[in-house]
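Student: Have a look at this one before I ask anything.
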Amino acid sequence: MSFEFEVVATDGNARAGILHTPHGDIPTPVFAPVGTAATVKAVPPRDLEELNIGLVLANTYHLHLRPGDELVREMGGLHSFMGWNGPLLTDSGGFQVFSLGEINRIDDEGVTFRSHLDGSAKRLTPARSMEIQQNLGADIIMAFDQCPNPSDRDEAQAANERTHRWLRRCREAHPDDNQQALFGIVQGGVFPDLRQASARFVTETDLKGYAIGGLAVGETKPEMYLTLDETIPCLPQERPRYLMGVGEPDDLVEGIGRGVDIFDCVIPTRLARHGAAFTHDGRINLRNAKFKADETAIDAALNNYASRFSRAYLRHLIVAKELLAYYLISLHNIDFLARHVESMRRAIIAGKFREYAVKFLPRYLRLDLTTE
RNA sequence: GUGGGCGUAGCUCAAUGGCAGAGCACCUGAUUGUGGUUCAGGCGGUUGAGGGUUCGAGCCCCUUCGUCCACC
């Protein structure tokens with residue numbers, strides 16, 4: 001039963017489903033907040049439970065360096081260690097090696113890089129990534145991949161070849177999905193033929209889910225949407241599709257409308273730490289002086305613990321660099337995205353996804369329809 | 001009362017007699033498989049006041065106001 005995926009409803013290309021995991025069922029589409037260092041920054045697991053968060057992502061690279069995946073295993077695994085008993089996913093470490101590692105050498109077997117913490121030399125290979133992720137013990141683990149510059153065709157081509165080669169190694173090192181499900185990752189930059197070739201290769205390997213990587217890394221939104229249009233039809237209907245690193249509210253609508261089931265993104269918590277909050281009328285920067293005496297809540301449509309506080313108070317907390325600001329705004333932003341995705345799931349089941357999208361997007365993007 | 005120091009952006013302070021600046025604060029923007037201390041941009045001045053010397057004064061001279069210190 002574990003890791004089986006049921007599609008319970010479709011509406012156009014959008015689907016509503018259930019992904020079964022050893023730590024509970026995940027209703028999809030789902031948005032996963034990111035807990036890099038075994039914590040969704042500033043938000044305790046209790047709150048994530050109250051917000052009905054279906055999935056949390058943790059980072060292999062960061063946890064391998066600190067506190068160490070061996071320690072996490074000794075402490076009973078990531079669920080126990082971080083006090084989150086719901087479904088967990090770990091990324092492979094590939095993205096961080098490329099985005100954080102200052103000095104690194106890529107070869108066909110893996111990546112040599114320097115720790116961003118102490119500069120010590122480290123090496124990550126597909127087999128090593130699997131070993132680390134097994135030590136961490138998340139429900140879903142990701143193949144070790146290479147994320148190229150999306151608009152550099154030669155680099156995207158080379159990254160495809162490595163990513164595909166490495167997927168085989170990952171499957172060999174993690175041969176069954178009894179305890180942890182391995183997801184493969186499609187690369188290919190913004191080039192349709194490379195994406196399709198990657199999707200063909202990756203889906204030849206039987207995996208519990210397929211991810212689309214290498215997006216939201218510098219390309220434009222239209223490029224990202226077109227790439228999804230080209231890629232998703234190459235993925236099997238009966239497996240969950242995971243768009244990695246994407247989570248702006250409009251992108252969630254665009255992704256779900258194209259058939260994506262799983263998202264993760266740092267944006268709700270990162271924006272919160274910079275004082276920005278999601279509302280149905282678009283993103284607001286609570287640091288702005290215009291909120292100095294604003295007695296309203298961030299977004300009247302939400303009802304979470306942050307809802308009882310005024311924008312004026314939250315602005316004060318941000319300006320004063322009070323820790324409570326990080327907690328309350330992170331809570332709000334995660335709630336916003338969770339309710340947003342939950343609403344889309346209900347809309348899909350009711351056959352009203354398009355209605356939701358055409359209502360949500362113009363308001364969120366603040367489009368003036370009267371001039372069109 | 002006498003002697004001395006200091007008065008420059010909201011704050012702390014720079015600036016040989018030669019285009020008045022910096023840091024912080026304030027204001028605005030950015031952040032998509034994490035980047036709480038980051039980055040970018042912007043607002044901001046009758047240099048305490050008045051007079052003088054000079055081609056030219058934040059700087060030199062005089063007066064005055066404020067402030068701090070020391071000594072009667």
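If you're wondering about the labels, chains in the structure tokens are A, B, ... by order shown, residues count from 1 in each chain, ligands from 1 in order shown.
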Counting only C-alpha atoms (C1' of nucleotides), which residues from chain A have an atom at most 8 Å from any atom of chain B, and could you show them as a list in words?

Tutor: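 Contact residues on the first chain: Val34, Thr36, Asp91, Phe95, Gly213, Ala216, Val217, Met244, Gly245, Val246, Gly247, Glu248, Asp264, Cys265, Val266, Ile267, Arg270, Leu271, Arg273, His274, Ala289 and Tyr326 of chain A.
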
Student: For stretch 141-151 of chain A, find every residue with an atom within 8 Å (counting only C-alpha atoms (C1' of nucleotides)), except residues of its own chain fewer than 5 positions away, and show them as a ChimeraX atom specification.

Tutor: /A:89-95,98,125-126,129-130,133,156,159-160,162-164,166-167,170,180-185,187-191,213-215,217-219

Student: Just want the 9 Å neighbourhood of A:Gly12, counted on only C-alpha atoms (C1' of nucleotides), with same-chain residues fewer than 5 positions away dropped. Output as a PyMOL selection string.

Tutor: chain A and resi 257-259+348+351+353-354

Student: Using only C-alpha atoms, can you tell me which of A:Asp69, A:Glu254, A:Glu161, A:Asp139 comes closest to A:Phe201?

Tutor: A:Glu161

Student: My list of candidates is A:His64, A:Gln196, A:His316, A:Leu71. Which is closest to A:Ser115 when distances are computed with only C-alpha atoms?

Tutor: A:His64

Student: Do you know which residues are at most 12 Å from B:A49 counting only C-alpha atoms (C1' of nucleotides), after dropping those on the same chain fewer than 4 positions away, and could you put them as a compact mmCIF listing (two decimals) with C-alpha atoms (C1' of nucleotides), in the first residue's frame?

Tutor:
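Result file follows (out.txt):
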# COMPACT_ATOMS: atom_id res chain seq x y z
C1' G B 7 28.54 72.80 17.25
C1' U B 63 30.33 89.03 17.46
C1' U B 64 26.60 86.05 19.36
C1' C B 65 23.85 81.60 20.91
C1' G B 66 24.08 76.55 22.62

Student: Distance atom CA of A:Ala293-atom CA of A:Ala312, one decimal place?

Tutor: 5.0 Å

Student: Stretch 8-20 of chain B: which residues within 9 Å, counting only C-alpha atoms (C1' of nucleotides), same-chain residues fewer than 3 positions away excluded, as a list in words?

Tutor: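 Returned residues: G23, C24, A25, C26, G44, G45, U47, U54, G56, A57, G58, C59 and C60 of chain B.
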
Student: Could the residues in this selection be written to a file with N, CA, C and O atoms (P, O5', C5', C4', C3', O3' and C1' of nucleotides), as a PDB file, in the first residue's frame?

Tutor:
ATOM      1  P     G B  23      28.021  54.196   3.315  1.00  0.00           P
ATOM      2  O5'   G B  23      27.960  53.834   4.859  1.00  0.00           O
ATOM      3  C5'   G B  23      28.908  52.930   5.430  1.00  0.00           C
ATOM      4  C4'   G B  23      28.725  52.892   6.930  1.00  0.00           C
ATOM      5  C3'   G B  23      27.303  52.623   7.409  1.00  0.00           C
ATOM      6  O3'   G B  23      26.974  51.248   7.403  1.00  0.00           O
ATOM      7  C1'   G B  23      28.180  54.475   8.581  1.00  0.00           C
ATOM      8  P     C B  24      25.501  50.775   7.035  1.00  0.00           P
ATOM      9  O5'   C B  24      24.632  51.271   8.277  1.00  0.00           O
ATOM     10  C5'   C B  24      24.805  50.679   9.560  1.00  0.00           C
ATOM     11  C4'   C B  24      24.137  51.516  10.633  1.00  0.00           C
ATOM     12  C3'   C B  24      22.641  51.724  10.467  1.00  0.00           C
ATOM     13  O3'   C B  24      21.870  50.615  10.917  1.00  0.00           O
ATOM     14  C1'   C B  24      23.672  53.786  10.993  1.00  0.00           C
ATOM     15  P     A B  25      20.481  50.276  10.209  1.00  0.00           P
ATOM     16  O5'   A B  25      19.592  51.570  10.539  1.00  0.00           O
ATOM     17  C5'   A B  25      19.129  51.803  11.858  1.00  0.00           C
ATOM     18  C4'   A B  25      18.362  53.106  11.925  1.00  0.00           C
ATOM     19  C3'   A B  25      17.173  53.209  10.976  1.00  0.00           C
ATOM     20  O3'   A B  25      16.015  52.605  11.518  1.00  0.00           O
ATOM     21  C1'   A B  25      18.487  55.168  10.813  1.00  0.00           C
ATOM     22  P     C B  26      14.979  51.881  10.547  1.00  0.00           P
ATOM     23  O5'   C B  26      14.416  53.100   9.676  1.00  0.00           O
ATOM     24  C5'   C B  26      13.626  54.119  10.270  1.00  0.00           C
ATOM     25  C4'   C B  26      13.298  55.175   9.238  1.00  0.00           C
ATOM     26  C3'   C B  26      12.693  54.641   7.948  1.00  0.00           C
ATOM     27  O3'   C B  26      11.293  54.439   8.074  1.00  0.00           O
ATOM     28  C1'   C B  26      14.436  56.143   7.425  1.00  0.00           C
ATOM     29  P     G B  44      15.990  64.982  -1.113  1.00  0.00           P
ATOM     30  O5'   G B  44      16.592  65.034   0.361  1.00  0.00           O
ATOM     31  C5'   G B  44      15.746  65.355   1.456  1.00  0.00           C
ATOM     32  C4'   G B  44      16.431  65.026   2.744  1.00  0.00           C
ATOM     33  C3'   G B  44      17.742  65.773   2.989  1.00  0.00           C
ATOM     34  O3'   G B  44      17.497  67.054   3.531  1.00  0.00           O
ATOM     35  C1'   G B  44      18.034  63.476   3.458  1.00  0.00           C
ATOM     36  P     G B  45      18.020  68.386   2.764  1.00  0.00           P
ATOM     37  O5'   G B  45      18.328  69.312   4.031  1.00  0.00           O
ATOM     38  C5'   G B  45      19.055  68.823   5.111  1.00  0.00           C
ATOM     39  C4'   G B  45      20.212  69.738   5.427  1.00  0.00           C
ATOM     40  C3'   G B  45      20.217  71.063   4.666  1.00  0.00           C
ATOM     41  O3'   G B  45      20.580  72.103   5.553  1.00  0.00           O
ATOM     42  C1'   G B  45      22.250  69.923   4.302  1.00  0.00           C
ATOM     43  P     U B  47      24.960  75.904   5.130  1.00  0.00           P
ATOM     44  O5'   U B  47      24.804  74.922   6.378  1.00  0.00           O
ATOM     45  C5'   U B  47      25.069  75.349   7.701  1.00  0.00           C
ATOM     46  C4'   U B  47      25.868  74.302   8.454  1.00  0.00           C
ATOM     47  C3'   U B  47      27.024  74.888   9.279  1.00  0.00           C
ATOM     48  O3'   U B  47      27.127  74.149  10.484  1.00  0.00           O
ATOM     49  C1'   U B  47      27.879  73.279   7.803  1.00  0.00           C
ATOM     50  P     U B  54      39.765  91.228   1.095  1.00  0.00           P
ATOM     51  O5'   U B  54      39.956  89.780   0.453  1.00  0.00           O
ATOM     52  C5'   U B  54      41.209  89.111   0.535  1.00  0.00           C
ATOM     53  C4'   U B  54      41.079  87.695   0.061  1.00  0.00           C
ATOM     54  C3'   U B  54      40.406  87.520  -1.297  1.00  0.00           C
ATOM     55  O3'   U B  54      41.311  87.735  -2.368  1.00  0.00           O
ATOM     56  C1'   U B  54      39.514  85.967   0.256  1.00  0.00           C
ATOM     57  P     G B  56      35.940  86.301  -3.226  1.00  0.00           P
ATOM     58  O5'   G B  56      35.838  84.722  -3.045  1.00  0.00           O
ATOM     59  C5'   G B  56      34.821  83.987  -3.731  1.00  0.00           C
ATOM     60  C4'   G B  56      35.053  82.509  -3.578  1.00  0.00           C
ATOM     61  C3'   G B  56      35.117  82.012  -2.136  1.00  0.00           C
ATOM     62  O3'   G B  56      33.822  81.819  -1.584  1.00  0.00           O
ATOM     63  C1'   G B  56      36.889  81.063  -3.384  1.00  0.00           C
ATOM     64  P     A B  57      33.602  82.098  -0.017  1.00  0.00           P
ATOM     65  O5'   A B  57      34.504  80.986   0.708  1.00  0.00           O
ATOM     66  C5'   A B  57      34.254  79.606   0.507  1.00  0.00           C
ATOM     67  C4'   A B  57      34.243  78.879   1.840  1.00  0.00           C
ATOM     68  C3'   A B  57      33.123  79.322   2.785  1.00  0.00           C
ATOM     69  O3'   A B  57      32.761  78.223   3.619  1.00  0.00           O
ATOM     70  C1'   A B  57      35.185  79.796   3.778  1.00  0.00           C
ATOM     71  P     G B  58      31.667  77.122   3.149  1.00  0.00           P
ATOM     72  O5'   G B  58      31.539  76.155   4.398  1.00  0.00           O
ATOM     73  C5'   G B  58      30.892  76.578   5.579  1.00  0.00           C
ATOM     74  C4'   G B  58      31.405  75.802   6.768  1.00  0.00           C
ATOM     75  C3'   G B  58      32.827  76.176   7.192  1.00  0.00           C
ATOM     76  O3'   G B  58      32.825  77.269   8.082  1.00  0.00           O
ATOM     77  C1'   G B  58      32.626  73.813   7.023  1.00  0.00           C
ATOM     78  P     C B  59      33.987  78.380   7.974  1.00  0.00           P
ATOM     79  O5'   C B  59      35.323  77.607   8.336  1.00  0.00           O
ATOM     80  C5'   C B  59      35.451  76.877   9.561  1.00  0.00           C
ATOM     81  C4'   C B  59      36.743  76.108   9.560  1.00  0.00           C
ATOM     82  C3'   C B  59      37.988  76.982   9.385  1.00  0.00           C
ATOM     83  O3'   C B  59      39.042  76.477  10.186  1.00  0.00           O
ATOM     84  C1'   C B  59      37.879  75.384   7.638  1.00  0.00           C
ATOM     85  P     C B  60      39.533  77.325  11.484  1.00  0.00           P
ATOM     86  O5'   C B  60      40.072  78.697  10.847  1.00  0.00           O
ATOM     87  C5'   C B  60      41.452  78.875  10.578  1.00  0.00           C
ATOM     88  C4'   C B  60      41.744  80.322  10.254  1.00  0.00           C
ATOM     89  C3'   C B  60      40.995  81.342  11.118  1.00  0.00           C
ATOM     90  O3'   C B  60      41.662  81.565  12.344  1.00  0.00           O
ATOM     91  C1'   C B  60      40.774  81.936   8.850  1.00  0.00           C
TER      92        C B  60
END

Student: Tell me, as a ChimeraX atom specification, which residues lie within 10 Å of stretch 296-306 of chain A, counting only C-alpha atoms (C1' of nucleotides); anything in the same chain fewer than 2 positions away does not count.

Tutor: /A:47,50-51,277-281,284,286,291,293-294,308-314,325,327-333,335-336,339

Student: Next, dump the selected residues to file, keeping only N, CA and C atoms, as a compact mmCIF listing (two decimals), in the first residue's frame.

Tutor:
# COMPACT_ATOMS: atom_id res chain seq x y z
N ASP A 47 2.35 23.35 14.82
CA ASP A 47 1.62 24.26 13.94
C ASP A 47 1.43 23.66 12.56
N GLU A 50 -1.47 21.46 12.78
CA GLU A 50 -2.73 22.21 12.84
C GLU A 50 -3.12 22.76 11.47
N LEU A 51 -2.10 23.08 10.66
CA LEU A 51 -2.38 23.60 9.32
C LEU A 51 -2.60 22.49 8.30
N ALA A 277 4.32 39.06 2.96
CA ALA A 277 3.23 38.13 3.23
C ALA A 277 2.34 37.98 2.00
N PHE A 278 1.83 36.76 1.83
CA PHE A 278 0.88 36.51 0.74
C PHE A 278 -0.50 36.99 1.15
N THR A 279 -1.22 37.61 0.20
CA THR A 279 -2.63 37.88 0.39
C THR A 279 -3.32 37.55 -0.92
N HIS A 280 -4.64 37.44 -0.88
CA HIS A 280 -5.37 37.17 -2.12
C HIS A 280 -5.29 38.34 -3.09
N ASP A 281 -4.88 39.50 -2.58
CA ASP A 281 -4.72 40.66 -3.44
C ASP A 281 -3.26 40.88 -3.81
N ILE A 284 2.33 41.42 -0.16
CA ILE A 284 2.57 42.72 0.45
C ILE A 284 3.86 42.66 1.26
N LEU A 286 5.19 43.86 4.52
CA LEU A 286 4.69 44.42 5.78
C LEU A 286 5.64 45.45 6.37
N PHE A 291 1.77 50.50 6.33
CA PHE A 291 1.11 49.59 7.26
C PHE A 291 1.31 49.99 8.72
N ALA A 293 -0.02 51.97 10.76
CA ALA A 293 -1.21 52.05 11.63
C ALA A 293 -2.37 51.25 11.05
N ASP A 294 -2.04 50.18 10.31
CA ASP A 294 -3.08 49.35 9.69
C ASP A 294 -3.57 48.33 10.71
N ARG A 308 -4.93 37.01 14.35
CA ARG A 308 -5.42 37.87 15.43
C ARG A 308 -4.58 39.15 15.58
N PHE A 309 -3.47 39.21 14.86
CA PHE A 309 -2.58 40.37 15.01
C PHE A 309 -2.73 41.33 13.83
N SER A 310 -2.60 42.61 14.12
CA SER A 310 -2.75 43.63 13.08
C SER A 310 -1.48 43.73 12.25
N ARG A 311 -1.66 44.24 11.03
CA ARG A 311 -0.50 44.51 10.18
C ARG A 311 0.43 45.51 10.87
N ALA A 312 -0.16 46.44 11.60
CA ALA A 312 0.65 47.44 12.32
C ALA A 312 1.57 46.77 13.33
N TYR A 313 1.01 45.79 14.06
CA TYR A 313 1.81 45.09 15.06
C TYR A 313 2.90 44.26 14.40
N LEU A 314 2.51 43.56 13.32
CA LEU A 314 3.48 42.72 12.62
C LEU A 314 4.60 43.57 12.04
N ALA A 325 8.04 37.87 14.85
CA ALA A 325 7.69 38.22 13.47
C ALA A 325 7.92 37.03 12.54
N TYR A 327 8.01 33.88 13.20
CA TYR A 327 7.04 32.80 13.46
C TYR A 327 5.69 33.13 12.85
N LEU A 328 5.16 34.30 13.18
CA LEU A 328 3.79 34.61 12.78
C LEU A 328 3.65 34.73 11.27
N ILE A 329 4.60 35.37 10.62
CA ILE A 329 4.46 35.57 9.18
C ILE A 329 4.75 34.27 8.43
N SER A 330 5.69 33.48 8.94
CA SER A 330 5.92 32.16 8.33
C SER A 330 4.65 31.32 8.43
N LEU A 331 4.05 31.34 9.60
CA LEU A 331 2.80 30.59 9.82
C LEU A 331 1.74 31.05 8.83
N HIS A 332 1.60 32.35 8.68
CA HIS A 332 0.61 32.89 7.76
C HIS A 332 0.88 32.44 6.32
N ASN A 333 2.12 32.59 5.89
CA ASN A 333 2.44 32.28 4.49
C ASN A 333 2.26 30.80 4.18
N ASP A 335 0.21 28.80 5.77
CA ASP A 335 -1.24 28.59 5.78
C ASP A 335 -1.85 29.04 4.46
N PHE A 336 -1.39 30.20 3.98
CA PHE A 336 -1.93 30.72 2.71
C PHE A 336 -1.74 29.70 1.59
N ARG A 339 -3.84 26.43 2.15
CA ARG A 339 -5.28 26.61 1.89
C ARG A 339 -5.52 26.81 0.40

Student: Record the distance separating atom CA of A:Ala58 and atom CA of A:Ala138, expressed in Å with one decimal.

Tutor: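 So the answer is 8.4 Å.
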
Student: Could you list, as a ChimeraX atom specification, every residue within 12 Å of A:Pro67, counting only C-alpha atoms (C1' of nucleotides) and ignoring same-chain residues fewer than 4 positions away?

Tutor: /A:36-38,59-63,71-75,78,81,117,136

Student: How would the residues just chosen look if you wrote them out with all heavy atoms as a compact mmCIF listing (two decimals), in the first residue's frame?

Tutor:
# COMPACT_ATOMS: atom_id res chain seq x y z
N THR A 36 14.94 22.90 5.85
CA THR A 36 16.33 22.63 5.48
C THR A 36 17.11 21.87 6.55
O THR A 36 17.65 20.80 6.32
CB THR A 36 17.05 23.95 5.21
OG1 THR A 36 16.36 24.62 4.19
CG2 THR A 36 18.49 23.72 4.80
N ALA A 37 17.19 22.47 7.71
CA ALA A 37 18.03 21.92 8.78
C ALA A 37 17.17 21.16 9.78
O ALA A 37 17.28 21.34 11.00
CB ALA A 37 18.80 23.04 9.46
N ALA A 38 16.27 20.32 9.25
CA ALA A 38 15.37 19.54 10.09
C ALA A 38 14.47 20.44 10.93
O ALA A 38 14.16 20.13 12.08
CB ALA A 38 16.14 18.56 10.98
N ASN A 59 16.68 18.85 3.82
CA ASN A 59 17.80 18.89 2.87
C ASN A 59 18.93 17.94 3.23
O ASN A 59 19.57 18.06 4.28
CB ASN A 59 18.35 20.31 2.75
CG ASN A 59 17.43 21.19 1.94
OD1 ASN A 59 16.65 21.93 2.51
ND2 ASN A 59 17.48 21.05 0.64
N THR A 60 19.21 17.07 2.31
CA THR A 60 20.27 16.08 2.47
C THR A 60 21.63 16.74 2.66
O THR A 60 22.39 16.38 3.56
CB THR A 60 20.28 15.18 1.23
OG1 THR A 60 19.08 14.41 1.23
CG2 THR A 60 21.49 14.27 1.22
N TYR A 61 21.92 17.71 1.81
CA TYR A 61 23.23 18.38 1.87
C TYR A 61 23.46 19.00 3.24
O TYR A 61 24.49 18.78 3.88
CB TYR A 61 23.28 19.44 0.78
CG TYR A 61 24.42 20.43 0.86
CD1 TYR A 61 25.66 20.15 0.29
CD2 TYR A 61 24.27 21.65 1.52
CE1 TYR A 61 26.70 21.06 0.35
CE2 TYR A 61 25.30 22.56 1.58
CZ TYR A 61 26.51 22.27 1.00
OH TYR A 61 27.54 23.17 1.07
N HIS A 62 22.49 19.77 3.70
CA HIS A 62 22.66 20.49 4.97
C HIS A 62 22.75 19.52 6.15
O HIS A 62 23.59 19.69 7.04
CB HIS A 62 21.51 21.47 5.17
CG HIS A 62 21.52 22.59 4.17
ND1 HIS A 62 22.24 23.74 4.35
CD2 HIS A 62 20.90 22.72 2.97
CE1 HIS A 62 22.07 24.54 3.31
NE2 HIS A 62 21.26 23.94 2.46
N LEU A 63 21.90 18.50 6.15
CA LEU A 63 21.87 17.58 7.29
C LEU A 63 23.08 16.64 7.29
O LEU A 63 23.53 16.21 8.35
CB LEU A 63 20.56 16.79 7.29
CG LEU A 63 19.33 17.67 7.57
CD1 LEU A 63 18.05 16.86 7.37
CD2 LEU A 63 19.37 18.25 8.97
N LEU A 71 24.42 10.63 12.75
CA LEU A 71 23.84 11.01 14.04
C LEU A 71 22.32 10.94 13.98
O LEU A 71 21.67 10.45 14.90
CB LEU A 71 24.28 12.43 14.43
CG LEU A 71 23.67 12.88 15.77
CD1 LEU A 71 24.35 12.22 16.95
CD2 LEU A 71 23.70 14.39 15.91
N VAL A 72 21.76 11.45 12.88
CA VAL A 72 20.30 11.42 12.75
C VAL A 72 19.80 9.98 12.80
O VAL A 72 18.79 9.67 13.47
CB VAL A 72 19.87 12.10 11.43
CG1 VAL A 72 18.36 11.92 11.20
CG2 VAL A 72 20.20 13.60 11.47
N ARG A 73 20.52 9.08 12.14
CA ARG A 73 20.13 7.66 12.18
C ARG A 73 20.18 7.14 13.61
O ARG A 73 19.26 6.48 14.09
CB ARG A 73 21.06 6.85 11.29
CG ARG A 73 20.69 5.35 11.23
CD ARG A 73 21.51 4.61 10.19
NE ARG A 73 22.95 4.74 10.41
CZ ARG A 73 23.65 4.04 11.30
NH1 ARG A 73 23.05 3.13 12.05
NH2 ARG A 73 24.95 4.23 11.45
N GLU A 74 21.27 7.46 14.32
CA GLU A 74 21.41 7.02 15.71
C GLU A 74 20.30 7.58 16.59
O GLU A 74 19.90 6.97 17.59
CB GLU A 74 22.77 7.44 16.28
CG GLU A 74 23.95 6.66 15.70
CD GLU A 74 25.29 7.32 16.05
OE1 GLU A 74 25.31 8.11 17.02
OE2 GLU A 74 26.28 7.06 15.34
N MET A 75 19.83 8.76 16.24
CA MET A 75 18.78 9.40 17.04
C MET A 75 17.39 8.89 16.66
O MET A 75 16.38 9.45 17.08
CB MET A 75 18.83 10.92 16.84
CG MET A 75 20.09 11.59 17.37
SD MET A 75 20.23 11.56 19.16
CE MET A 75 21.46 10.30 19.39
N LEU A 78 15.01 10.90 10.99
CA LEU A 78 14.62 12.31 10.89
C LEU A 78 13.25 12.60 11.52
O LEU A 78 13.08 13.62 12.20
CB LEU A 78 14.62 12.72 9.41
CG LEU A 78 14.69 14.19 9.06
CD1 LEU A 78 15.80 14.90 9.83
CD2 LEU A 78 14.91 14.34 7.56
N PHE A 81 13.80 12.62 15.20
CA PHE A 81 14.75 13.67 15.56
C PHE A 81 14.10 15.05 15.56
O PHE A 81 14.29 15.84 16.48
CB PHE A 81 15.91 13.63 14.56
CG PHE A 81 17.09 14.50 14.91
CD1 PHE A 81 17.72 14.41 16.14
CD2 PHE A 81 17.59 15.41 13.97
CE1 PHE A 81 18.81 15.21 16.45
CE2 PHE A 81 18.68 16.21 14.28
CZ PHE A 81 19.29 16.11 15.51
N LEU A 117 30.20 25.32 5.34
CA LEU A 117 30.31 25.59 6.78
C LEU A 117 31.76 25.77 7.22
O LEU A 117 32.08 26.70 7.94
CB LEU A 117 29.67 24.45 7.58
CG LEU A 117 28.17 24.28 7.41
CD1 LEU A 117 27.69 23.07 8.21
CD2 LEU A 117 27.44 25.53 7.87
N LEU A 136 18.94 9.26 6.89
CA LEU A 136 17.99 10.27 7.34
C LEU A 136 16.60 9.65 7.51
O LEU A 136 15.89 9.95 8.46
CB LEU A 136 17.95 11.45 6.35
CG LEU A 136 19.26 12.25 6.26
CD1 LEU A 136 19.17 13.29 5.14
CD2 LEU A 136 19.58 12.94 7.58

Student: As a list in words, which residues of stretch 2-64 of chain A does DSSP assign to alpha helix (DSSP H)?

Tutor: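 Put together, the selection reads Pro45, Arg46, Asp47, Leu48, Glu49, Glu50, Thr60, Tyr61, His62, Leu63 and His64 of chain A.
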
Student: Could you jot down the atom CA of A:Asn85 to atom CA of A:His23 separation for me, Å, one decimal place?

Tutor: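 It comes out at 6.4 Å.
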
Student: Can you pull out every residue from stretch 86-177 of chain A that DSSP, working from the backbone, puts in strand (DSSP E or B), and format the result as an NGL selection string?

Tutor: :A and (88-90 or 104-106 or 111-114 or 121-124 or 140-142)

Student: Let's have the selection written as a PDB file, in the first residue's frame, with N, CA and C atoms.

Tutor:
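Generated file (again_18.pdb):
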ATOM      1  N   LEU A  88       7.715  12.875   5.088  1.00  0.00           N
ATOM      2  CA  LEU A  88       8.923  13.664   4.871  1.00  0.00           C
ATOM      3  C   LEU A  88       9.535  13.299   3.522  1.00  0.00           C
ATOM      4  N   LEU A  89      10.152  14.293   2.900  1.00  0.00           N
ATOM      5  CA  LEU A  89      10.885  14.083   1.660  1.00  0.00           C
ATOM      6  C   LEU A  89      12.254  14.718   1.822  1.00  0.00           C
ATOM      7  N   THR A  90      13.287  14.036   1.373  1.00  0.00           N
ATOM      8  CA  THR A  90      14.601  14.684   1.337  1.00  0.00           C
ATOM      9  C   THR A  90      15.024  14.863  -0.114  1.00  0.00           C
ATOM     10  N   ASN A 104      33.929  23.358  -6.851  1.00  0.00           N
ATOM     11  CA  ASN A 104      33.582  21.964  -6.991  1.00  0.00           C
ATOM     12  C   ASN A 104      34.020  21.425  -8.345  1.00  0.00           C
ATOM     13  N   ARG A 105      34.198  20.149  -8.353  1.00  0.00           N
ATOM     14  CA  ARG A 105      34.633  19.459  -9.564  1.00  0.00           C
ATOM     15  C   ARG A 105      33.585  18.396  -9.865  1.00  0.00           C
ATOM     16  N   ILE A 106      33.039  18.473 -11.053  1.00  0.00           N
ATOM     17  CA  ILE A 106      32.022  17.517 -11.455  1.00  0.00           C
ATOM     18  C   ILE A 106      32.668  16.505 -12.384  1.00  0.00           C
ATOM     19  N   VAL A 111      30.391  14.481  -7.504  1.00  0.00           N
ATOM     20  CA  VAL A 111      30.797  15.871  -7.342  1.00  0.00           C
ATOM     21  C   VAL A 111      31.701  16.012  -6.124  1.00  0.00           C
ATOM     22  N   THR A 112      32.818  16.713  -6.297  1.00  0.00           N
ATOM     23  CA  THR A 112      33.673  17.069  -5.179  1.00  0.00           C
ATOM     24  C   THR A 112      33.462  18.548  -4.912  1.00  0.00           C
ATOM     25  N   PHE A 113      33.272  18.876  -3.665  1.00  0.00           N
ATOM     26  CA  PHE A 113      32.942  20.264  -3.346  1.00  0.00           C
ATOM     27  C   PHE A 113      33.467  20.603  -1.963  1.00  0.00           C
ATOM     28  N   ARG A 114      33.338  21.856  -1.622  1.00  0.00           N
ATOM     29  CA  ARG A 114      33.757  22.287  -0.298  1.00  0.00           C
ATOM     30  C   ARG A 114      32.543  22.629   0.547  1.00  0.00           C
ATOM     31  N   ALA A 121      36.806  19.512   2.322  1.00  0.00           N
ATOM     32  CA  ALA A 121      36.508  18.844   1.058  1.00  0.00           C
ATOM     33  C   ALA A 121      35.504  17.718   1.295  1.00  0.00           C
ATOM     34  N   LYS A 122      34.510  17.660   0.431  1.00  0.00           N
ATOM     35  CA  LYS A 122      33.475  16.624   0.543  1.00  0.00           C
ATOM     36  C   LYS A 122      33.251  16.037  -0.846  1.00  0.00           C
ATOM     37  N   ARG A 123      32.706  14.843  -0.854  1.00  0.00           N
ATOM     38  CA  ARG A 123      32.367  14.246  -2.132  1.00  0.00           C
ATOM     39  C   ARG A 123      30.997  13.595  -2.047  1.00  0.00           C
ATOM     40  N   LEU A 124      30.207  13.826  -3.060  1.00  0.00           N
ATOM     41  CA  LEU A 124      28.877  13.246  -3.122  1.00  0.00           C
ATOM     42  C   LEU A 124      28.750  12.491  -4.437  1.00  0.00           C
ATOM     43  N   ILE A 140      10.109   9.845   1.219  1.00  0.00           N
ATOM     44  CA  ILE A 140      10.430   9.976  -0.195  1.00  0.00           C
ATOM     45  C   ILE A 140      11.852  10.492  -0.313  1.00  0.00           C
ATOM     46  N   ILE A 141      12.652   9.855  -1.143  1.00  0.00           N
ATOM     47  CA  ILE A 141      14.019  10.315  -1.359  1.00  0.00           C
ATOM     48  C   ILE A 141      14.197  10.617  -2.851  1.00  0.00           C
ATOM     49  N   MET A 142      15.128  11.504  -3.134  1.00  0.00           N
ATOM     50  CA  MET A 142      15.285  11.975  -4.517  1.00  0.00           C
ATOM     51  C   MET A 142      16.599  11.483  -5.115  1.00  0.00           C
TER      52      MET A 142
END
